[in-house]
$ cat final-v9.pdb   # PDB, C-alpha atoms
MODEL        1
ATOM      1  CA  MET N 205      92.921 134.208 112.819
ATOM      2  CA  ALA N 206      90.297 132.367 110.802
ATOM      3  CA  TYR N 207      91.539 129.980 108.108
ATOM      4  CA  GLU N 208      89.732 129.002 104.929
ATOM      5  CA  THR N 209      91.924 126.121 103.765
ATOM      6  CA  LEU N 210      93.367 124.855 107.042
ATOM      7  CA  GLU N 211      91.983 123.738 110.370
ATOM      8  CA  LEU N 212      93.980 124.469 113.509
ATOM      9  CA  ALA N 213      93.178 122.744 116.784
ATOM     10  CA  ARG N 214      94.764 122.173 120.171
ATOM     11  CA  ARG N 215      94.438 118.932 122.100
ATOM     12  CA  GLY N 216      96.366 119.310 125.324
ATOM     13  CA  PRO N 217     100.020 120.017 124.471
ATOM     14  CA  VAL N 218      99.486 119.015 120.825
ATOM     15  CA  GLY N 219      98.706 121.449 118.040
ATOM     16  CA  TRP N 220      97.001 120.069 114.943
ATOM     17  CA  LEU N 221      97.448 121.588 111.484
ATOM     18  CA  VAL N 222      94.928 119.956 109.160
ATOM     19  CA  PHE N 223      94.870 120.506 105.393
ATOM     20  CA  ASN N 224      91.213 121.259 104.784
ATOM     21  CA  ARG N 225      90.395 121.234 101.071
ATOM     22  CA  PRO N 226      89.102 117.646 100.839
ATOM     23  CA  GLU N 227      87.146 118.361  97.659
ATOM     24  CA  ALA N 228      90.481 119.139  95.945
ATOM     25  CA  GLY N 229      92.550 116.391  97.547
ATOM     26  CA  ASN N 230      93.859 119.050  99.953
ATOM     27  CA  ALA N 231      95.926 120.514  97.127
ATOM     28  CA  MET N 232      97.688 123.786  97.871
ATOM     29  CA  ASP N 233      96.133 126.791  96.182
ATOM     30  CA  ALA N 234      97.376 130.354  96.629
ATOM     31  CA  ARG N 235      95.215 130.827  99.706
ATOM     32  CA  MET N 236      96.542 127.732 101.448
ATOM     33  CA  LEU N 237     100.126 128.687 100.668
ATOM     34  CA  ASP N 238      99.614 132.011 102.422
ATOM     35  CA  GLU N 239      97.776 130.419 105.322
ATOM     36  CA  LEU N 240     100.439 127.770 105.897
ATOM     37  CA  GLU N 241     103.065 130.376 106.725
ATOM     38  CA  GLN N 242     100.682 132.091 109.152
ATOM     39  CA  ALA N 243      99.548 128.804 110.727
ATOM     40  CA  TRP N 244     103.071 127.583 111.429
ATOM     41  CA  GLY N 245     103.850 130.937 113.015
ATOM     42  CA  GLU N 246     100.736 130.788 115.191
ATOM     43  CA  LEU N 247     101.444 127.283 116.478
ATOM     44  CA  ASP N 248     105.132 128.056 116.982
ATOM     45  CA  ALA N 249     104.298 131.145 119.056
ATOM     46  CA  ASP N 250     101.822 129.300 121.311
ATOM     47  CA  PRO N 251     103.723 128.174 124.436
ATOM     48  CA  ALA N 252     100.999 125.644 125.245
ATOM     49  CA  VAL N 253     101.766 123.763 122.010
ATOM     50  CA  ARG N 254     104.796 121.525 122.439
ATOM     51  CA  VAL N 255     104.324 119.193 119.453
ATOM     52  CA  ILE N 256     102.626 119.782 116.101
ATOM     53  CA  VAL N 257     100.836 117.154 114.009
ATOM     54  CA  THR N 258      99.930 117.608 110.343
ATOM     55  CA  THR N 259      97.271 115.535 108.598
ATOM     56  CA  GLY N 260      94.585 115.879 105.942
ATOM     57  CA  ALA N 261      90.806 116.131 106.008
ATOM     58  CA  GLY N 262      88.925 113.545 103.974
ATOM     59  CA  ARG N 263      90.546 110.815 101.889
ATOM     60  CA  SER N 264      93.839 112.534 101.044
ATOM     61  CA  PHE N 265      96.740 113.771 103.094
ATOM     62  CA  GLN N 266      98.114 116.349 100.687
ATOM     63  CA  THR N 267      98.372 116.272  96.876
ATOM     64  CA  GLY N 268     100.718 119.185  96.219
ATOM     65  CA  LEU N 269     100.179 122.302  94.168
ATOM     66  CA  ASP N 270      96.667 122.867  92.826
ATOM     67  CA  VAL N 271      97.306 122.245  89.117
ATOM     68  CA  VAL N 272      93.749 123.320  88.276
ATOM     69  CA  GLN N 273      94.464 126.786  89.635
ATOM     70  CA  LEU N 274      97.870 126.701  87.964
ATOM     71  CA  ALA N 275      96.219 126.052  84.592
ATOM     72  CA  ARG N 276      93.345 128.518  84.982
ATOM     73  CA  GLN N 277      94.825 131.264  87.140
ATOM     74  CA  PRO N 278      98.616 131.163  86.843
ATOM     75  CA  GLU N 279      98.851 134.760  88.086
ATOM     76  CA  ALA N 280      97.411 133.665  91.453
ATOM     77  CA  LEU N 281     100.521 131.583  92.057
ATOM     78  CA  ARG N 282     103.034 134.237  91.002
ATOM     79  CA  LYS N 283     104.128 134.763  94.622
ATOM     80  CA  GLN N 284     104.797 131.045  95.020
ATOM     81  CA  SER N 285     106.641 130.938  91.698
ATOM     82  CA  GLY N 286     109.005 133.630  92.934
ATOM     83  CA  ARG N 287     109.643 131.789  96.173
ATOM     84  CA  THR N 288     110.284 128.560  94.285
ATOM     85  CA  LYS N 289     112.765 130.282  92.000
ATOM     86  CA  ARG N 290     114.635 131.834  94.947
ATOM     87  CA  ALA N 291     114.476 128.655  97.093
ATOM     88  CA  GLU N 292     112.503 130.579  99.725
ATOM     89  CA  LEU N 293     109.596 128.183 100.266
ATOM     90  CA  CYS N 294     107.363 128.719 103.316
ATOM     91  CA  MET N 295     105.170 125.621 103.359
ATOM     92  CA  THR N 296     106.581 123.320 106.012
ATOM     93  CA  ALA N 297     107.815 123.739 109.574
ATOM     94  CA  TRP N 298     111.398 123.388 108.339
ATOM     95  CA  HIS N 299     110.850 126.088 105.729
ATOM     96  CA  CYS N 300     109.417 128.399 108.407
ATOM     97  CA  GLY N 301     112.083 127.775 111.045
ATOM     98  CA  VAL N 302     109.805 125.962 113.496
ATOM     99  CA  TRP N 303     111.901 123.946 115.949
ATOM    100  CA  LYS N 304     109.094 122.264 117.823
ATOM    101  CA  PRO N 305     108.761 118.529 117.061
ATOM    102  CA  VAL N 306     106.546 117.874 114.034
ATOM    103  CA  ILE N 307     104.698 114.634 113.245
ATOM    104  CA  ALA N 308     103.167 113.968 109.837
ATOM    105  CA  ALA N 309     100.149 111.652 110.054
ATOM    106  CA  VAL N 310      99.626 110.555 106.459
ATOM    107  CA  ASN N 311      96.070 109.512 105.625
ATOM    108  CA  GLY N 312      95.265 108.388 102.095
ATOM    109  CA  VAL N 313      97.148 109.873  99.142
ATOM    110  CA  CYS N 314     100.324 111.904  99.518
ATOM    111  CA  ALA N 315     101.428 113.150  96.114
ATOM    112  CA  GLY N 316     103.876 115.596  94.577
ATOM    113  CA  GLY N 317     104.294 118.664  96.756
ATOM    114  CA  GLY N 318     102.646 116.768  99.585
ATOM    115  CA  LEU N 319     105.953 114.962  99.946
ATOM    116  CA  HIS N 320     107.401 118.220 101.324
ATOM    117  CA  PHE N 321     105.526 117.521 104.544
ATOM    118  CA  VAL N 322     106.904 113.987 104.734
ATOM    119  CA  ALA N 323     110.482 114.953 103.905
ATOM    120  CA  ASP N 324     110.462 117.837 106.380
ATOM    121  CA  ALA N 325     108.673 116.155 109.307
ATOM    122  CA  ASP N 326     110.598 114.808 112.278
ATOM    123  CA  VAL N 327     108.455 111.676 112.587
ATOM    124  CA  VAL N 328     106.048 110.215 110.024
ATOM    125  CA  LEU N 329     103.113 107.888 110.671
ATOM    126  CA  ALA N 330     100.986 106.460 107.885
ATOM    127  CA  ALA N 331      97.590 104.825 107.797
ATOM    128  CA  SER N 332      97.748 101.310 106.382
ATOM    129  CA  ASP N 333      95.919 102.470 103.248
ATOM    130  CA  ALA N 334      98.172 105.486 102.629
ATOM    131  CA  GLN N 335      99.877 105.801  99.239
ATOM    132  CA  PHE N 336     102.809 107.919  98.108
ATOM    133  CA  LEU N 337     103.646 109.071  94.581
ATOM    134  CA  ASP N 338     105.410 111.892  92.776
ATOM    135  CA  PRO N 339     103.556 112.755  89.537
ATOM    136  CA  HIS N 340     105.608 115.824  88.576
ATOM    137  CA  VAL N 341     107.187 114.357  85.443
ATOM    138  CA  SER N 342     103.802 112.957  84.382
ATOM    139  CA  VAL N 343     102.435 116.487  84.036
ATOM    140  CA  GLY N 344     105.561 117.971  82.495
ATOM    141  CA  GLN N 345     107.022 119.334  85.734
ATOM    142  CA  VAL N 346     110.364 118.765  87.438
ATOM    143  CA  THR N 347     110.596 117.082  90.820
ATOM    144  CA  ALA N 348     113.306 118.668  92.930
ATOM    145  CA  TYR N 349     112.787 120.027  96.443
ATOM    146  CA  GLU N 350     110.683 117.181  97.816
ATOM    147  CA  ALA N 351     112.824 114.428  96.315
ATOM    148  CA  ILE N 352     116.047 116.125  97.410
ATOM    149  CA  GLY N 353     114.741 116.233 100.972
ATOM    150  CA  LEU N 354     113.666 112.595 100.896
ATOM    151  CA  ALA N 355     117.021 111.510  99.447
ATOM    152  CA  ARG N 356     118.675 112.719 102.660
ATOM    153  CA  LYS N 357     116.505 110.349 104.682
ATOM    154  CA  ILE N 358     115.823 107.202 102.628
ATOM    155  CA  PRO N 359     117.670 105.195  99.919
ATOM    156  CA  PHE N 360     118.460 107.264  96.838
ATOM    157  CA  GLU N 361     117.229 104.711  94.293
ATOM    158  CA  ALA N 362     113.806 104.546  95.922
ATOM    159  CA  VAL N 363     113.485 108.314  95.585
ATOM    160  CA  MET N 364     114.730 108.291  91.990
ATOM    161  CA  ARG N 365     112.330 105.518  91.019
ATOM    162  CA  MET N 366     109.360 107.399  92.457
ATOM    163  CA  ALA N 367     110.479 110.603  90.708
ATOM    164  CA  LEU N 368     110.951 108.958  87.307
ATOM    165  CA  VAL N 369     107.961 106.609  87.268
ATOM    166  CA  GLY N 370     105.659 109.481  88.197
ATOM    167  CA  ARG N 371     101.951 108.800  88.473
ATOM    168  CA  HIS N 372     102.292 105.281  87.041
ATOM    169  CA  GLU N 373     103.321 103.680  90.339
ATOM    170  CA  ARG N 374     102.386 104.221  93.969
ATOM    171  CA  VAL N 375     104.348 103.348  97.094
ATOM    172  CA  SER N 376     102.250 101.584  99.714
ATOM    173  CA  ALA N 377     102.420 102.346 103.416
ATOM    174  CA  GLU N 378     104.161  99.017 104.061
ATOM    175  CA  ARG N 379     106.761  99.731 101.381
ATOM    176  CA  ALA N 380     107.268 103.239 102.766
ATOM    177  CA  HIS N 381     107.852 101.704 106.177
ATOM    178  CA  ALA N 382     110.408  99.269 104.785
ATOM    179  CA  LEU N 383     112.239 102.169 103.126
ATOM    180  CA  GLY N 384     112.285 104.208 106.322
ATOM    181  CA  MET N 385     110.015 106.902 104.887
ATOM    182  CA  VAL N 386     107.589 106.298 107.767
ATOM    183  CA  SER N 387     108.301 104.897 111.219
ATOM    184  CA  GLN N 388     104.873 103.430 111.964
ATOM    185  CA  VAL N 389     101.975 102.027 109.961
ATOM    186  CA  VAL N 390      98.609 102.356 111.689
ATOM    187  CA  ASP N 391      95.954  99.703 111.137
ATOM    188  CA  PRO N 392      93.035 100.174 111.056
ATOM    189  CA  PRO N 393      93.444 103.550 109.326
ATOM    190  CA  GLU N 394      90.728 105.087 111.494
ATOM    191  CA  ARG N 395      93.139 105.030 114.445
ATOM    192  CA  LEU N 396      95.718 107.257 112.736
ATOM    193  CA  ARG N 397      94.839 110.473 114.559
ATOM    194  CA  ASP N 398      94.600 108.732 117.916
ATOM    195  CA  GLU N 399      98.005 107.131 117.424
ATOM    196  CA  ALA N 400      99.521 110.438 116.339
ATOM    197  CA  GLN N 401      98.034 112.178 119.360
ATOM    198  CA  ALA N 402      99.366 109.486 121.701
ATOM    199  CA  LEU N 403     102.868 109.705 120.223
ATOM    200  CA  ALA N 404     102.796 113.502 120.343
ATOM    201  CA  GLU N 405     101.797 113.413 124.013
ATOM    202  CA  LYS N 406     104.773 111.148 124.776
ATOM    203  CA  ILE N 407     107.110 113.570 123.017
ATOM    204  CA  ALA N 408     105.487 116.557 124.754
ATOM    205  CA  GLN N 409     106.574 115.222 128.157
ATOM    206  CA  ASN N 410     110.173 116.173 127.393
ATOM    207  CA  SER N 411     111.991 119.479 127.783
ATOM    208  CA  PRO N 412     110.883 121.874 125.014
ATOM    209  CA  ALA N 413     114.245 123.650 125.045
ATOM    210  CA  ALA N 414     116.233 120.419 124.896
ATOM    211  CA  MET N 415     114.074 119.076 122.055
ATOM    212  CA  ALA N 416     114.468 122.284 120.042
ATOM    213  CA  ALA N 417     118.254 122.180 120.456
ATOM    214  CA  THR N 418     118.287 118.488 119.561
ATOM    215  CA  LYS N 419     116.206 119.105 116.458
ATOM    216  CA  ARG N 420     118.489 121.938 115.312
ATOM    217  CA  ALA N 421     121.547 119.739 115.843
ATOM    218  CA  LEU N 422     120.197 116.733 113.946
ATOM    219  CA  TRP N 423     118.671 118.663 111.050
ATOM    220  CA  GLY N 424     121.832 120.720 110.824
ATOM    221  CA  ALA N 425     123.795 117.483 110.478
ATOM    222  CA  LEU N 426     121.955 116.752 107.225
ATOM    223  CA  GLU N 427     123.390 119.937 105.765
ATOM    224  CA  ALA N 428     126.992 119.570 106.901
ATOM    225  CA  GLY N 429     129.945 117.219 106.868
ATOM    226  CA  LEU N 430     130.626 115.003 109.888
ATOM    227  CA  THR N 431     133.152 117.283 111.575
ATOM    228  CA  GLU N 432     131.102 120.436 110.997
ATOM    229  CA  ALA N 433     127.945 118.685 112.193
ATOM    230  CA  CYS N 434     129.633 117.565 115.412
ATOM    231  CA  LYS N 435     130.951 121.067 116.098
ATOM    232  CA  ALA N 436     127.504 122.578 115.499
ATOM    233  CA  GLY N 437     125.924 119.869 117.628
ATOM    234  CA  ALA N 438     128.353 120.655 120.434
ATOM    235  CA  LYS N 439     127.163 124.270 120.408
ATOM    236  CA  GLU N 440     123.573 123.129 120.752
ATOM    237  CA  LEU N 441     124.533 120.766 123.578
ATOM    238  CA  VAL N 442     126.436 123.449 125.475
ATOM    239  CA  SER N 443     123.586 125.924 124.943
ATOM    240  CA  MET N 444     121.548 123.895 127.465
ATOM    241  CA  TRP N 445     124.211 124.085 130.186
ATOM    242  CA  GLY N 446     122.815 126.118 133.028
ATOM    243  CA  HIS N 447     119.278 125.942 131.663
ATOM    244  CA  PRO N 448     116.662 125.380 134.414
ATOM    245  CA  ASP N 449     115.453 122.216 132.666
ATOM    246  CA  GLN N 450     118.822 120.548 133.272
ATOM    247  CA  GLU N 451     118.261 120.827 137.018
ATOM    248  CA  GLU N 452     114.534 120.182 136.911
ATOM    249  CA  GLY N 453     114.856 116.901 134.968
ATOM    250  CA  PRO N 454     117.057 115.007 137.462
ATOM    251  CA  ARG N 455     115.187 116.545 140.424
ATOM    252  CA  ALA N 456     111.818 115.421 139.084
ATOM    253  CA  PHE N 457     113.205 111.951 138.389
ATOM    254  CA  ALA N 458     114.553 111.652 141.937
ATOM    255  CA  GLU N 459     111.282 112.922 143.406
ATOM    256  CA  LYS N 460     109.247 110.596 141.170
ATOM    257  CA  ARG N 461     107.079 113.325 139.682
ATOM    258  CA  ALA N 462     106.441 114.861 136.289
ATOM    259  CA  PRO N 463     108.947 117.603 135.457
ATOM    260  CA  GLU N 464     107.839 121.216 135.139
ATOM    261  CA  TRP N 465     109.691 122.377 132.043
ATOM    262  CA  GLN N 466     110.397 125.990 131.155
ATOM    263  CA  PRO N 467     108.497 127.302 128.110
ATOM    264  CA  ILE N 468     110.587 128.353 125.151
ATOM    265  CA  GLY N 469     110.941 132.105 124.798
ATOM    266  CA  PRO N 470     111.847 134.026 121.647
ATOM    267  CA  PRO N 471     115.392 133.277 120.443
ATOM    268  CA  VAL N 472     118.125 135.675 121.511
ATOM    269  CA  PRO N 473     120.165 137.144 118.604
ATOM    270  CA  GLY N 474     123.474 135.339 118.287
ATOM    271  CA  GLU N 475     122.300 132.197 120.068
ATOM    272  CA  PRO N 476     121.432 128.859 118.374
ATOM    273  CA  GLY N 477     118.031 128.979 116.723
ATOM    274  CA  ALA N 478     117.988 132.742 116.314
ATOM    275  CA  PRO N 479     117.390 134.096 112.817
ATOM    276  CA  ALA N 480     120.405 135.387 110.936
ATOM    277  CA  SER N 481     120.961 139.122 110.864
ATOM    278  CA  PRO N 482     119.855 140.781 107.611
TER
ENDMDL
END

$ encode --input "final-v9.pdb" --output "structure tokens"
Amino acid sequence: MAYETLELARRGPVGWLVFNRPEAGNAMDARMLDELEQAWGELDADPAVRVIVTTGAGRSFQTGLDVVQLARQPEALRKQSGRTKRAELCMTAWHCGVWKPVIAAVNGVCAGGGLHFVADADVVLAASDAQFLDPHVSVGQVTAYEAIGLARKIPFEAVMRMALVGRHERVSAERAHALGMVSQVVDPPERLRDEAQALAEKIAQNSPAAMAATKRALWGALEAGLTEACKAGAKELVSMWGHPDQEEGPRAFAEKRAPEWQPIGPPVPGEPGAPASP
């Protein structure tokens, strides 16, 4: 489908989801919120896409909800308000149940709701001039979902400081790296997309099925206690037993060639990764 607020592209095995409202700091208006759900579904359903990269057009990565639309047309965001109230967000890959690896390539400013895409990514790269902030409390709003997600991945006090200081302090790319919010700082910033593409291509060489099971196991561990996480992880591990990729991997290694992995098909009800029954 055609998108008005996003740009989707494929570069080899890598799918790119680009926030494309540069004139508004790539803020999420009602249209983008609808398109995000559709875009994640499109990239997830494409067997040629093994890794997905998110980034922003222009000088900002993503600056959260469009507060201008919120002030002028609150009715346009009624659907999103309902989803927020019910904790049924559909903005990120994690929200939408996408188990392909996701890289966030943060260019410029990442603010407020933009932190969803950092908290929910599997790997985060940042340009050396990237900046992170959470201005919710500075405009009379509560920070919750994004900060809660980040607090599972980086030190709690760093998250709390960003949430309470609001727009009056920004976290630099170097500081974000020190905190573990990002795993790589790219300098010069102009190389960010190339570096993200190169990393995505490395990841794409691996078994799609094994990576999906690994991602489910590790993300599931964030939501469970140690024993429960290990039991759930064991189910994901065993789910690969007998999979063609488990024979293809060692065979390709022994024959000194690139493996020919099986594409991921739709999940089977009752198996790991399948949606719950209504």

$ closest_residue --input "final-v9.pdb" --among "N:Leu281, N:Ala425, N:Ala380, N:Val257" --to "Ala234 in chain N" --atoms "all atoms listed in the file"
N:Leu281

$ atom_distance --input "final-v9.pdb" --atom1 "CA of Gln335 in chain N" --atom2 "CA of Leu403 in chain N"
21.6 Å

$ atom_distance --input "final-v9.pdb" --atom1 "CA of Ala367 in chain N" --atom2 "CA of Ala428 in chain N"
24.8 Å

$ resolve_selection --input "final-v9.pdb" --expression "the PyMOL selection byres ((chain N and resi 263) around 9)" --output "JSON, numbers by chain"
{"N": [226, 229, 260, 261, 262, 264, 265, 311, 312, 313]}

$ closest_residue --input "final-v9.pdb" --among "N:Pro217, N:Pro339, N:Pro393, N:Gly353" --to "Arg371 in chain N" --atoms "all atoms listed in the file"
N:Pro339

$ atom_distance --input "final-v9.pdb" --atom1 "CA of Arg214 in chain N" --atom2 "CA of Phe336 in chain N"
27.5 Å

$ closest_residue --input "final-v9.pdb" --among "N:Thr418, N:Ser342, N:Thr296, N:Thr259" --to "Asp398 in chain N" --atoms "only C-alpha atoms"
N:Thr259

$ residues_around --input "final-v9.pdb" --residues "Ala315 in chain N" --least-positions-apart "3" --cutoff "8 Å" --atoms "all atoms listed in the file" --output "MDAnalysis selection string"
chainID N and resid 266:268 318:319 336:339

$ decode --input "final-v9.pdb" --residues "range 308-380 of chain N" --atoms "C-alpha atoms" --output "PDB file, in the first residue's frame"
ATOM      1  CA  ALA N 308      16.598   1.340  15.692  1.00  0.00           C
ATOM      2  CA  ALA N 309      18.965   3.769  13.956  1.00  0.00           C
ATOM      3  CA  VAL N 310      18.513   6.987  15.916  1.00  0.00           C
ATOM      4  CA  ASN N 311      19.320  10.149  13.973  1.00  0.00           C
ATOM      5  CA  GLY N 312      18.936  13.508  15.690  1.00  0.00           C
ATOM      6  CA  VAL N 313      16.262  13.998  18.351  1.00  0.00           C
ATOM      7  CA  CYS N 314      14.388  11.124  19.960  1.00  0.00           C
ATOM      8  CA  ALA N 315      11.791  12.501  22.351  1.00  0.00           C
ATOM      9  CA  GLY N 316       8.794  11.345  24.355  1.00  0.00           C
ATOM     10  CA  GLY N 317       6.877   8.647  22.515  1.00  0.00           C
ATOM     11  CA  GLY N 318       9.859   8.214  20.229  1.00  0.00           C
ATOM     12  CA  LEU N 319      11.463   6.356  23.112  1.00  0.00           C
ATOM     13  CA  HIS N 320       8.985   3.521  22.457  1.00  0.00           C
ATOM     14  CA  PHE N 321      11.053   2.613  19.413  1.00  0.00           C
ATOM     15  CA  VAL N 322      14.266   2.601  21.435  1.00  0.00           C
ATOM     16  CA  ALA N 323      12.843   0.635  24.357  1.00  0.00           C
ATOM     17  CA  ASP N 324      11.241  -1.942  22.069  1.00  0.00           C
ATOM     18  CA  ALA N 325      14.077  -2.416  19.554  1.00  0.00           C
ATOM     19  CA  ASP N 326      16.415  -5.388  19.764  1.00  0.00           C
ATOM     20  CA  VAL N 327      19.513  -3.352  18.896  1.00  0.00           C
ATOM     21  CA  VAL N 328      19.924   0.434  18.938  1.00  0.00           C
ATOM     22  CA  LEU N 329      22.474   2.504  17.026  1.00  0.00           C
ATOM     23  CA  ALA N 330      22.747   6.261  17.399  1.00  0.00           C
ATOM     24  CA  ALA N 331      24.391   8.956  15.337  1.00  0.00           C
ATOM     25  CA  SER N 332      26.996  10.865  17.325  1.00  0.00           C
ATOM     26  CA  ASP N 333      24.756  13.946  17.338  1.00  0.00           C
ATOM     27  CA  ALA N 334      21.629  12.094  18.501  1.00  0.00           C
ATOM     28  CA  GLN N 335      19.850  13.342  21.627  1.00  0.00           C
ATOM     29  CA  PHE N 336      17.291  11.678  23.873  1.00  0.00           C
ATOM     30  CA  LEU N 337      14.743  13.340  26.157  1.00  0.00           C
ATOM     31  CA  ASP N 338      11.334  12.704  27.674  1.00  0.00           C
ATOM     32  CA  PRO N 339       9.321  15.961  27.816  1.00  0.00           C
ATOM     33  CA  HIS N 340       6.017  14.467  29.002  1.00  0.00           C
ATOM     34  CA  VAL N 341       5.972  16.118  32.428  1.00  0.00           C
ATOM     35  CA  SER N 342       7.001  19.435  30.854  1.00  0.00           C
ATOM     36  CA  VAL N 343       3.726  19.553  28.928  1.00  0.00           C
ATOM     37  CA  GLY N 344       1.563  18.239  31.747  1.00  0.00           C
ATOM     38  CA  GLN N 345       1.574  14.602  30.627  1.00  0.00           C
ATOM     39  CA  VAL N 346       2.603  11.411  32.403  1.00  0.00           C
ATOM     40  CA  THR N 347       5.513   9.320  31.183  1.00  0.00           C
ATOM     41  CA  ALA N 348       4.785   5.631  31.591  1.00  0.00           C
ATOM     42  CA  TYR N 349       5.025   3.063  28.798  1.00  0.00           C
ATOM     43  CA  GLU N 350       8.298   4.232  27.272  1.00  0.00           C
ATOM     44  CA  ALA N 351      10.062   4.720  30.597  1.00  0.00           C
ATOM     45  CA  ILE N 352       8.786   1.398  31.939  1.00  0.00           C
ATOM     46  CA  GLY N 353      10.229  -0.348  28.893  1.00  0.00           C
ATOM     47  CA  LEU N 354      13.568   1.426  29.216  1.00  0.00           C
ATOM     48  CA  ALA N 355      13.767   0.629  32.938  1.00  0.00           C
ATOM     49  CA  ARG N 356      13.897  -3.069  32.027  1.00  0.00           C
ATOM     50  CA  LYS N 357      17.008  -2.458  29.940  1.00  0.00           C
ATOM     51  CA  ILE N 358      19.063   0.341  31.530  1.00  0.00           C
ATOM     52  CA  PRO N 359      19.669   1.670  35.087  1.00  0.00           C
ATOM     53  CA  PHE N 360      16.473   2.783  36.804  1.00  0.00           C
ATOM     54  CA  GLU N 361      17.817   6.114  38.070  1.00  0.00           C
ATOM     55  CA  ALA N 362      18.832   7.181  34.573  1.00  0.00           C
ATOM     56  CA  VAL N 363      15.285   6.557  33.373  1.00  0.00           C
ATOM     57  CA  MET N 364      13.755   8.341  36.365  1.00  0.00           C
ATOM     58  CA  ARG N 365      16.014  11.355  35.912  1.00  0.00           C
ATOM     59  CA  MET N 366      15.065  11.688  32.250  1.00  0.00           C
ATOM     60  CA  ALA N 367      11.366  11.315  33.123  1.00  0.00           C
ATOM     61  CA  LEU N 368      11.436  13.914  35.905  1.00  0.00           C
ATOM     62  CA  VAL N 369      13.726  16.517  34.344  1.00  0.00           C
ATOM     63  CA  GLY N 370      11.628  16.507  31.181  1.00  0.00           C
ATOM     64  CA  ARG N 371      12.572  18.869  28.386  1.00  0.00           C
ATOM     65  CA  HIS N 372      15.163  20.676  30.524  1.00  0.00           C
ATOM     66  CA  GLU N 373      17.918  18.114  29.939  1.00  0.00           C
ATOM     67  CA  ARG N 374      18.975  15.960  27.008  1.00  0.00           C
ATOM     68  CA  VAL N 375      20.943  12.719  27.015  1.00  0.00           C
ATOM     69  CA  SER N 376      23.746  12.685  24.460  1.00  0.00           C
ATOM     70  CA  ALA N 377      24.567   9.711  22.270  1.00  0.00           C
ATOM     71  CA  GLU N 378      27.761   9.084  24.254  1.00  0.00           C
ATOM     72  CA  ARG N 379      25.861   9.139  27.545  1.00  0.00           C
ATOM     73  CA  ALA N 380      23.212   6.828  26.088  1.00  0.00           C
TER      74      ALA N 380
END
